[in-house]
Amino acid sequence: MESFKSRTVSYGVVLAACVLVVLGDLRNLITPSGYWMLWGVVTFLGFVSAFDKMTIKLARELNVYVVGFLVLFVAFLLSSIVNFDFRTFYQAIKILCIGVVFLCVYMHSLRLAQGDYYSISAVSICVGFFVFCLTKYYLIRWHVVLDDGRQGSQLAYPGVLWKTCAFFAGFVMVGMLFDGKSKVVSVFVLMAAVYVLVMDSSRTGFMVFLLQLAFVFILSLYIRPRVTLWLCFLCLILMTVVLFFYGSSYVFLNVDNSPLVLGRFLSGDPVRVQMLADGLVQLKVCMPFGCGFGSTTTEAHGETMVVHNAFLASGGDLGVLGFVGLFVLVFSPLLVYAVRIGRYILCEHKVKQIFVYSIAAYGGSLGFALLLMLHPFSTELSEWGIWIVMTSALTVVSHQLAVNTQVERLESGV
């Protein structure tokens, strides 16, 4: 009974974190301080409920994450001192808070069953879909349409809305294909996910979503070649949904006949190319301590904009330590998992829940790395919340894979 209660509380904490990610622009309605306060409430309640009779088993790689956060904190601190910039110092405090939130979500992720990631992701997608439709058709004053046709809401602007699909759809797909979850429910949830992705028309969103599809496709070929037929069928359904929403006879959607995202891909992105060039120049100029948070900028459309590459920006803003700290936090979970999954595949031949859901978590974590390559450097929980959720899930399953592999080797006498 106590175990069930603990798991229920943990489920609520992780789900709340996911919903706050999905509704990342809630801060525009309740102020950024109010948004951070919501995360603070979730974190506080999470810590209060975590320290009970249950033993918390921490993975060894958490030490690496702690080092990454400390290095990033020191980078902010040094840059603020060198540039006499209080704003940069303020960001250092936020980075420490992000580390605390991560520890809370990670501890509760330990209590979840692998199948819980499926239902949490499905609920998160449904929340994002419901809120968007509510603002599009009823609370119209909260509906957002940009000049280029991209759509969103006051709770999830274009550029945020796509994350609802890209980072959670993978868990729904593996649950449907490999864990016996309802195929009917899963297909409807994925249709809702693709719908919000299309409405946002984010190029990054489509790339992350296609990355998730690729991982699930490879997984299906490895585990159950016949399941690949289900995956192809799913892709056909999703493509049909996209064509339906962009069909010329369905003018109630108020979009052009051709997919907006396709036009955005074909038009290229010279602005981002120029951003990268300017970012490299500033990176050289501002070494070794950086020029302060938000200083790595470029001129675009007659305005000054921050460079849309978080890794370049971290080096230009914070110097060498900033780049190293961010690199450690983003890529160390991916590298640790890659090593462990290789050992697991060589040692383990039975299909298990932990294996299939780990692929979805890995796709989400890799997607976040891709996001940082194409978006600005941020210290907001609406951005880092994705890293917190995905890295927590990936670290838990990665640790369990390592334990299973070690047990398997001991049993086989290797």
# chains A, B, ... in the order shown; residues from 1 in each chain; ligands from 1
>>> residues_around(residues="Asn28 of chain A", least_positions_apart="5", cutoff="10 Å", atoms="only C-alpha atoms", output="list in words")
Ser33, Gly34, Tyr35, Gln154, Leu155, Ala156 and Tyr157 of chain A
>>> write_last_selection(atoms="all heavy atoms", output="CSV table (one decimal), in the first residue's frame")
chain,number,residue,atom,x,y,z
A,33,SER,N,8.0,34.9,-12.7
A,33,SER,CA,8.1,34.5,-11.3
A,33,SER,C,7.0,33.5,-10.9
A,33,SER,O,7.3,32.6,-10.1
A,33,SER,CB,8.0,35.8,-10.4
A,33,SER,OG,9.1,36.7,-10.7
A,34,GLY,N,5.8,33.7,-11.4
A,34,GLY,CA,4.7,32.8,-11.0
A,34,GLY,C,5.0,31.4,-11.6
A,34,GLY,O,4.7,30.4,-11.0
A,35,TYR,N,5.6,31.4,-12.8
A,35,TYR,CA,5.9,30.1,-13.5
A,35,TYR,C,7.0,29.4,-12.7
A,35,TYR,O,6.8,28.2,-12.4
A,35,TYR,CB,6.3,30.4,-14.9
A,35,TYR,CG,6.6,29.1,-15.7
A,35,TYR,CD1,5.6,28.3,-16.2
A,35,TYR,CD2,8.0,28.8,-16.0
A,35,TYR,CE1,5.9,27.1,-16.9
A,35,TYR,CE2,8.3,27.6,-16.7
A,35,TYR,CZ,7.2,26.8,-17.2
A,35,TYR,OH,7.5,25.7,-17.9
A,154,GLN,N,-1.4,31.4,-26.1
A,154,GLN,CA,-0.7,32.2,-25.1
A,154,GLN,C,-0.1,31.3,-24.1
A,154,GLN,O,0.9,31.7,-23.3
A,154,GLN,CB,-1.8,33.1,-24.3
A,154,GLN,CG,-2.4,34.2,-25.1
A,154,GLN,CD,-1.4,35.3,-25.4
A,154,GLN,OE1,-0.4,35.4,-24.8
A,154,GLN,NE2,-1.7,36.2,-26.4
A,155,LEU,N,-0.5,30.0,-24.0
A,155,LEU,CA,0.1,29.1,-23.1
A,155,LEU,C,1.2,28.3,-23.7
A,155,LEU,O,2.1,27.7,-23.0
A,155,LEU,CB,-1.0,28.1,-22.6
A,155,LEU,CG,-2.1,28.7,-21.8
A,155,LEU,CD1,-3.2,27.7,-21.4
A,155,LEU,CD2,-1.6,29.4,-20.6
A,156,ALA,N,1.2,28.2,-25.0
A,156,ALA,CA,2.3,27.5,-25.8
A,156,ALA,C,2.4,28.2,-27.1
A,156,ALA,O,1.8,27.8,-28.1
A,156,ALA,CB,2.0,26.0,-25.9
A,157,TYR,N,3.3,29.2,-27.2
A,157,TYR,CA,3.5,29.9,-28.5
A,157,TYR,C,4.1,29.0,-29.6
A,157,TYR,O,4.7,28.0,-29.3
A,157,TYR,CB,4.5,31.1,-28.2
A,157,TYR,CG,3.9,32.4,-27.8
A,157,TYR,CD1,3.3,32.5,-26.6
A,157,TYR,CD2,3.9,33.5,-28.7
A,157,TYR,CE1,2.7,33.7,-26.2
A,157,TYR,CE2,3.3,34.7,-28.3
A,157,TYR,CZ,2.7,34.8,-27.1
A,157,TYR,OH,2.1,36.0,-26.7
>>> select_by_dssp(residues="segment 97-221 of chain A", states="helix (DSSP H, G or I)", output="ChimeraX atom specification")
/A:97-109,116-137,140-142,163-166,169-178,183-200,203-221
>>> atom_distance(atom1="atom CA of Ser186 of chain A", atom2="atom CA of Tyr118 of chain A")
9.4 Å
>>> closest_residue(among="A:Ala214, A:Met287, A:Glu61, A:Ile223", to="Leu334 of chain A", atoms="only C-alpha atoms")
A:Glu61
>>> residues_around(residues="Ala402 of chain A", least_positions_apart="5", cutoff="9 Å", atoms="only C-alpha atoms", output="CSV table (one decimal) with N, CA and C atoms, in the first residue's frame")
chain,number,residue,atom,x,y,z
A,340,ARG,N,26.3,1.7,-22.3
A,340,ARG,CA,25.5,0.7,-21.6
A,340,ARG,C,24.6,-0.1,-22.5
A,341,ILE,N,24.0,0.6,-23.5
A,341,ILE,CA,23.1,-0.1,-24.4
A,341,ILE,C,23.9,-1.1,-25.3
A,343,ARG,N,26.6,-2.8,-24.3
A,343,ARG,CA,26.8,-4.0,-23.4
A,343,ARG,C,25.6,-4.8,-23.2
A,344,TYR,N,24.4,-4.1,-23.1
A,344,TYR,CA,23.2,-4.8,-22.8
A,344,TYR,C,22.8,-5.6,-24.0
A,397,VAL,N,16.7,4.5,-16.7
A,397,VAL,CA,16.7,3.3,-17.5
A,397,VAL,C,18.1,2.9,-17.8
A,407,VAL,N,24.0,-8.3,-13.7
A,407,VAL,CA,23.4,-9.6,-13.1
A,407,VAL,C,23.5,-10.7,-14.2
>>> residues_around(residues="Phe293 of chain A", least_positions_apart="3", cutoff="9 Å", atoms="only C-alpha atoms", output="list in words")
Phe76, Ser79, Ser80, Asp85, Arg87, Thr88, Phe89, Gln91, Gly290, Thr296, Ala313, Ser314, Gly316, Asp317, Leu318 and Phe377 of chain A
>>> write_last_selection(atoms="all heavy atoms", output="tab-separated table (two decimals), in the first residue's frame")
chain	number	residue	atom	x	y	z
A	76	PHE	N	29.19	31.16	-14.98
A	76	PHE	CA	28.32	32.34	-14.83
A	76	PHE	C	28.92	33.31	-13.82
A	76	PHE	O	28.91	34.53	-14.03
A	76	PHE	CB	26.93	31.90	-14.37
A	76	PHE	CG	25.98	31.55	-15.48
A	76	PHE	CD1	25.65	30.24	-15.73
A	76	PHE	CD2	25.43	32.54	-16.28
A	76	PHE	CE1	24.77	29.90	-16.75
A	76	PHE	CE2	24.54	32.22	-17.30
A	76	PHE	CZ	24.22	30.90	-17.54
A	79	SER	N	32.07	35.08	-15.22
A	79	SER	CA	31.69	36.03	-16.27
A	79	SER	C	31.03	37.27	-15.68
A	79	SER	O	31.26	38.39	-16.15
A	79	SER	CB	30.76	35.34	-17.26
A	79	SER	OG	30.40	36.23	-18.31
A	80	SER	N	30.22	37.07	-14.64
A	80	SER	CA	29.56	38.22	-14.01
A	80	SER	C	30.57	39.13	-13.33
A	80	SER	O	30.43	40.36	-13.34
A	80	SER	CB	28.51	37.74	-13.01
A	80	SER	OG	29.13	37.08	-11.90
A	85	ASP	N	28.55	42.33	-14.31
A	85	ASP	CA	27.19	42.14	-14.84
A	85	ASP	C	26.35	41.36	-13.84
A	85	ASP	O	26.50	40.15	-13.68
A	85	ASP	CB	27.27	41.38	-16.18
A	85	ASP	CG	25.92	41.26	-16.86
A	85	ASP	OD1	24.94	41.82	-16.34
A	85	ASP	OD2	25.84	40.59	-17.91
A	87	ARG	N	23.19	40.74	-14.07
A	87	ARG	CA	22.25	39.86	-14.78
A	87	ARG	C	22.85	38.47	-14.97
A	87	ARG	O	22.16	37.46	-14.84
A	87	ARG	CB	21.90	40.47	-16.13
A	87	ARG	CG	20.92	39.62	-16.96
A	87	ARG	CD	20.40	40.42	-18.14
A	87	ARG	NE	19.55	39.59	-18.99
A	87	ARG	CZ	19.89	39.17	-20.19
A	87	ARG	NH1	21.06	39.49	-20.70
A	87	ARG	NH2	19.06	38.43	-20.91
A	88	THR	N	24.12	38.41	-15.27
A	88	THR	CA	24.79	37.12	-15.44
A	88	THR	C	24.86	36.37	-14.12
A	88	THR	O	24.68	35.15	-14.07
A	88	THR	CB	26.21	37.31	-16.01
A	88	THR	OG1	26.12	38.01	-17.26
A	88	THR	CG2	26.89	35.97	-16.26
A	89	PHE	N	25.10	37.11	-13.02
A	89	PHE	CA	25.12	36.48	-11.70
A	89	PHE	C	23.75	35.91	-11.36
A	89	PHE	O	23.63	34.82	-10.78
A	89	PHE	CB	25.53	37.51	-10.64
A	89	PHE	CG	25.43	36.99	-9.23
A	89	PHE	CD1	26.40	36.13	-8.73
A	89	PHE	CD2	24.37	37.36	-8.41
A	89	PHE	CE1	26.31	35.64	-7.43
A	89	PHE	CE2	24.27	36.87	-7.12
A	89	PHE	CZ	25.24	36.01	-6.63
A	91	GLN	N	21.62	34.70	-13.42
A	91	GLN	CA	21.45	33.45	-14.17
A	91	GLN	C	22.16	32.29	-13.47
A	91	GLN	O	21.73	31.13	-13.57
A	91	GLN	CB	21.99	33.59	-15.59
A	91	GLN	CG	21.50	34.80	-16.37
A	91	GLN	CD	19.99	34.92	-16.40
A	91	GLN	OE1	19.28	33.94	-16.61
A	91	GLN	NE2	19.50	36.14	-16.19
A	290	GLY	N	34.21	34.93	-21.32
A	290	GLY	CA	32.95	35.33	-21.89
A	290	GLY	C	32.67	36.81	-21.69
A	290	GLY	O	33.33	37.48	-20.90
A	296	THR	N	26.25	37.25	-26.94
A	296	THR	CA	26.57	36.66	-28.24
A	296	THR	C	25.40	36.91	-29.17
A	296	THR	O	24.43	36.16	-29.20
A	296	THR	CB	26.85	35.16	-28.11
A	296	THR	OG1	27.82	34.94	-27.08
A	296	THR	CG2	27.36	34.58	-29.41
A	313	ALA	N	26.74	30.15	-28.03
A	313	ALA	CA	26.37	31.23	-27.11
A	313	ALA	C	26.96	31.01	-25.73
A	313	ALA	O	27.39	31.96	-25.07
A	313	ALA	CB	24.86	31.36	-27.03
A	314	SER	N	26.99	29.76	-25.27
A	314	SER	CA	27.56	29.49	-23.94
A	314	SER	C	29.04	29.84	-23.90
A	314	SER	O	29.55	30.36	-22.90
A	314	SER	CB	27.34	28.03	-23.55
A	314	SER	OG	28.05	27.16	-24.42
A	316	GLY	N	30.55	32.10	-25.98
A	316	GLY	CA	30.68	33.55	-26.11
A	316	GLY	C	30.23	34.29	-24.87
A	316	GLY	O	30.84	35.30	-24.48
A	317	ASP	N	29.18	33.80	-24.21
A	317	ASP	CA	28.65	34.47	-23.02
A	317	ASP	C	29.48	34.18	-21.78
A	317	ASP	O	29.70	35.07	-20.94
A	317	ASP	CB	27.21	34.02	-22.75
A	317	ASP	CG	26.24	34.49	-23.81
A	317	ASP	OD1	26.66	35.24	-24.72
A	317	ASP	OD2	25.06	34.10	-23.75
A	318	LEU	N	29.92	32.92	-21.63
A	318	LEU	CA	30.52	32.47	-20.36
A	318	LEU	C	31.95	31.97	-20.49
A	318	LEU	O	32.58	31.63	-19.48
A	318	LEU	CB	29.66	31.35	-19.76
A	318	LEU	CG	28.16	31.63	-19.65
A	318	LEU	CD1	27.43	30.39	-19.16
A	318	LEU	CD2	27.89	32.81	-18.74
A	377	PHE	N	20.72	30.11	-26.13
A	377	PHE	CA	21.10	29.63	-24.80
A	377	PHE	C	20.13	30.23	-23.79
A	377	PHE	O	19.93	31.43	-23.74
A	377	PHE	CB	22.54	30.06	-24.51
A	377	PHE	CG	23.07	29.57	-23.20
A	377	PHE	CD1	22.77	28.31	-22.72
A	377	PHE	CD2	23.90	30.38	-22.43
A	377	PHE	CE1	23.28	27.85	-21.51
A	377	PHE	CE2	24.42	29.93	-21.22
A	377	PHE	CZ	24.10	28.66	-20.77
>>> closest_residue(among="A:Tyr362, A:Val100, A:Leu221, A:Gly24", to="Gly152 of chain A", atoms="only C-alpha atoms")
A:Gly24
>>> residues_around(residues="Val184 of chain A", least_positions_apart="6", cutoff="12 Å", atoms="only C-alpha atoms", output="PyMOL selection string")
chain A and resi 172-173+176-177+190-191+234
>>> select_by_dssp(residues="segment 62-263 of chain A", states="strand (DSSP E or B)", output="PDB file with all heavy atoms, in the first residue's frame")
ATOM      1  N   HIS A 143      -5.518  32.812 -28.726  1.00  0.00           N
ATOM      2  CA  HIS A 143      -4.924  32.122 -29.869  1.00  0.00           C
ATOM      3  C   HIS A 143      -3.870  33.020 -30.513  1.00  0.00           C
ATOM      4  O   HIS A 143      -4.054  34.229 -30.623  1.00  0.00           O
ATOM      5  CB  HIS A 143      -6.014  31.774 -30.887  1.00  0.00           C
ATOM      6  CG  HIS A 143      -5.522  30.975 -32.045  1.00  0.00           C
ATOM      7  ND1 HIS A 143      -5.792  31.313 -33.366  1.00  0.00           N
ATOM      8  CD2 HIS A 143      -4.767  29.851 -32.101  1.00  0.00           C
ATOM      9  CE1 HIS A 143      -5.235  30.427 -34.161  1.00  0.00           C
ATOM     10  NE2 HIS A 143      -4.614  29.535 -33.421  1.00  0.00           N
ATOM     11  N   VAL A 144      -2.763  32.436 -30.935  1.00  0.00           N
ATOM     12  CA  VAL A 144      -1.642  33.193 -31.502  1.00  0.00           C
ATOM     13  C   VAL A 144      -1.374  32.716 -32.920  1.00  0.00           C
ATOM     14  O   VAL A 144      -1.218  31.507 -33.152  1.00  0.00           O
ATOM     15  CB  VAL A 144      -0.367  33.026 -30.653  1.00  0.00           C
ATOM     16  CG1 VAL A 144       0.810  33.736 -31.304  1.00  0.00           C
ATOM     17  CG2 VAL A 144      -0.593  33.546 -29.239  1.00  0.00           C
ATOM     18  N   VAL A 145      -1.346  33.656 -33.873  1.00  0.00           N
ATOM     19  CA  VAL A 145      -0.975  33.358 -35.260  1.00  0.00           C
ATOM     20  C   VAL A 145       0.119  34.343 -35.670  1.00  0.00           C
ATOM     21  O   VAL A 145      -0.103  35.562 -35.647  1.00  0.00           O
ATOM     22  CB  VAL A 145      -2.174  33.477 -36.222  1.00  0.00           C
ATOM     23  CG1 VAL A 145      -1.742  33.103 -37.638  1.00  0.00           C
ATOM     24  CG2 VAL A 145      -3.324  32.582 -35.772  1.00  0.00           C
ATOM     25  N   GLN A 151       1.023  28.742 -35.823  1.00  0.00           N
ATOM     26  CA  GLN A 151      -0.018  28.923 -34.814  1.00  0.00           C
ATOM     27  C   GLN A 151       0.406  28.380 -33.453  1.00  0.00           C
ATOM     28  O   GLN A 151       1.252  27.493 -33.356  1.00  0.00           O
ATOM     29  CB  GLN A 151      -1.305  28.213 -35.257  1.00  0.00           C
ATOM     30  CG  GLN A 151      -1.883  28.742 -36.551  1.00  0.00           C
ATOM     31  CD  GLN A 151      -3.204  28.095 -36.883  1.00  0.00           C
ATOM     32  OE1 GLN A 151      -4.062  27.923 -36.016  1.00  0.00           O
ATOM     33  NE2 GLN A 151      -3.395  27.740 -38.151  1.00  0.00           N
ATOM     34  N   GLY A 152      -0.200  28.935 -32.427  1.00  0.00           N
ATOM     35  CA  GLY A 152       0.040  28.504 -31.062  1.00  0.00           C
ATOM     36  C   GLY A 152      -0.986  29.148 -30.152  1.00  0.00           C
ATOM     37  O   GLY A 152      -2.059  29.555 -30.592  1.00  0.00           O
ATOM     38  N   SER A 153      -0.645  29.260 -28.887  1.00  0.00           N
ATOM     39  CA  SER A 153      -1.555  29.897 -27.935  1.00  0.00           C
ATOM     40  C   SER A 153      -0.737  30.687 -26.921  1.00  0.00           C
ATOM     41  O   SER A 153       0.492  30.606 -26.893  1.00  0.00           O
ATOM     42  CB  SER A 153      -2.402  28.842 -27.215  1.00  0.00           C
ATOM     43  OG  SER A 153      -1.614  28.108 -26.299  1.00  0.00           O
TER      44      SER A 153
END
>>> closest_residue(among="A:Ile120, A:Val22, A:Leu161, A:Cys97", to="Met37 of chain A", atoms="only C-alpha atoms")
A:Cys97
>>> closest_residue(among="A:Gly279, A:Gly149, A:Gly367, A:Gly180", to="Gly294 of chain A", atoms="only C-alpha atoms")
A:Gly279
>>> residues_around(residues="Met207 of chain A", least_positions_apart="5", cutoff="10 Å", atoms="only C-alpha atoms", output="NGL selection string")
:A and (166 or 202 or 212-213 or 367 or 370-371)
>>> residues_around(residues="Ala369 of chain A", least_positions_apart="4", cutoff="8 Å", atoms="only C-alpha atoms", output="PyMOL selection string")
chain A and resi 330-331+365+373
>>> write_last_selection(atoms="C-alpha atoms", output="PDB file, in the first residue's frame")
ATOM      1  CA  VAL A 330      23.787  17.638 -22.487  1.00  0.00           C
ATOM      2  CA  PHE A 331      26.043  14.927 -23.873  1.00  0.00           C
ATOM      3  CA  SER A 365      17.541  13.512 -24.902  1.00  0.00           C
ATOM      4  CA  MET A 373      22.100  23.533 -31.698  1.00  0.00           C
TER       5      MET A 373
END
>>> closest_residue(among="A:Tyr90, A:Phe69, A:Phe102, A:Phe84", to="Ile388 of chain A", atoms="only C-alpha atoms")
A:Phe102
